[in-house]
Amino acid sequence: MLKQIVLFFIVIFSVSAHSDVGAPWRIEMVALNNGETRHIKYNEITGETWWSKNLVWSMIKEPEPVSHSAYEFKVVSTGLNWRAIRIDKLSGQAWKNSRGTWVKISPAKQ
């Protein structure tokens, strides 16, 4: 009986460990009005982002280094184009994708 309990826990912990592999990476897809799709993969910790067209991944460039944090991404279709925005959930800094480069969104001047 003890051997079965130990085996049960080994299996459970092995499955848990394998389910977390690649956990910071997420993927989204948007459909454009012309029937094409765009695929976006991103890392929620590093902020690194890639998009694909015709099975080729292209990195969205960083004009300056970003720190490891907790990032959230939103991607939408706007007809024949798509838009992406990223926010650092800890600092509140946000960026929009502009022609393959992340551009900071500045706070409003008061």
# chains A, B, ... in the order shown; residues from 1 in each chain; ligands from 1
call {"tool": "residues_around", "arguments": {"residues": "region 104-108 of chain A", "least_positions_apart": "6", "cutoff": "8 Å", "atoms": "only C-alpha atoms", "output": "list in words"}}
result
Gln93, Ala94, Trp95 and Lys96 of chain A
call {"tool": "select_by_dssp", "arguments": {"residues": "chain A", "states": "strand (DSSP E)", "output": "PyMOL selection string"}}
result
chain A and resi 25-31+37-43+49-53+56-59+71-77+82-88+94-98+101-105
call {"tool": "write_last_selection", "arguments": {"atoms": "C-alpha atoms", "output": "compact mmCIF listing (two decimals), in the first residue's frame"}}
result
# COMPACT_ATOMS: atom_id res chain seq x y z
CA TRP A 25 4.59 32.05 -22.91
CA ARG A 26 1.11 32.72 -24.28
CA ILE A 27 -0.27 32.96 -27.79
CA GLU A 28 -3.13 34.85 -29.41
CA MET A 29 -4.55 34.86 -32.91
CA VAL A 30 -6.63 37.49 -34.68
CA ALA A 31 -8.61 37.13 -37.90
CA THR A 37 -4.82 35.51 -39.56
CA ARG A 38 -1.99 36.91 -37.46
CA HIS A 39 -0.47 34.96 -34.58
CA ILE A 40 1.18 36.67 -31.62
CA LYS A 41 3.29 34.90 -29.00
CA TYR A 42 4.50 36.72 -25.94
CA ASN A 43 6.32 36.16 -22.66
CA THR A 49 6.82 39.44 -28.31
CA TRP A 50 6.76 37.83 -31.75
CA TRP A 51 4.16 37.89 -34.53
CA SER A 52 3.79 35.64 -37.55
CA LYS A 53 2.59 35.93 -41.10
CA VAL A 56 7.43 33.15 -40.31
CA TRP A 57 7.94 34.62 -36.82
CA SER A 58 9.17 38.24 -36.57
CA MET A 59 10.19 39.76 -33.24
CA TYR A 71 3.16 41.96 -18.56
CA GLU A 72 -0.31 41.80 -20.03
CA PHE A 73 -1.07 41.96 -23.75
CA LYS A 74 -4.16 42.77 -25.80
CA VAL A 75 -4.38 42.08 -29.52
CA VAL A 76 -7.30 43.05 -31.78
CA SER A 77 -8.18 43.02 -35.44
CA TRP A 82 -4.16 44.28 -36.22
CA ARG A 83 -3.09 46.21 -33.14
CA ALA A 84 -1.23 45.11 -30.01
CA ILE A 85 -0.73 46.83 -26.68
CA ARG A 86 1.41 45.76 -23.73
CA ILE A 87 1.26 46.95 -20.14
CA ASP A 88 3.67 46.38 -17.27
CA ALA A 94 2.26 50.79 -21.55
CA TRP A 95 3.47 50.39 -25.13
CA LYS A 96 1.77 49.97 -28.49
CA ASN A 97 3.13 48.06 -31.43
CA SER A 98 3.93 50.47 -34.22
CA THR A 101 8.51 48.17 -32.69
CA TRP A 102 7.17 48.74 -29.17
CA VAL A 103 6.55 52.47 -28.62
CA LYS A 104 6.00 53.85 -25.11
CA ILE A 105 2.66 55.49 -24.43
call {"tool": "select_by_dssp", "arguments": {"residues": "region 5-107 of chain A", "states": "alpha helix (DSSP H)", "output": "list in words"}}
result
Ile5, Val6, Leu7, Phe8, Phe9, Ile10, Val11, Ile12, Phe13, Ser14, Val15, Ser16, Ala17, His18 and Ser19 of chain A
call {"tool": "closest_residue", "arguments": {"among": "A:Ser91, A:Thr46, A:Gln110, A:Asn81", "to": "Ser67 (chain A)", "atoms": "only C-alpha atoms"}}
result
A:Thr46
call {"tool": "closest_residue", "arguments": {"among": "A:Leu32, A:Glu62, A:Glu48, A:Leu55", "to": "Gly100 (chain A)", "atoms": "only C-alpha atoms"}}
result
A:Glu62
call {"tool": "atom_distance", "arguments": {"atom1": "CA of Asn33 (chain A)", "atom2": "CA of Arg99 (chain A)"}}
result
19.3 Å
call {"tool": "atom_distance", "arguments": {"atom1": "CA of Ile45 (chain A)", "atom2": "CA of Ala70 (chain A)"}}
result
5.2 Å
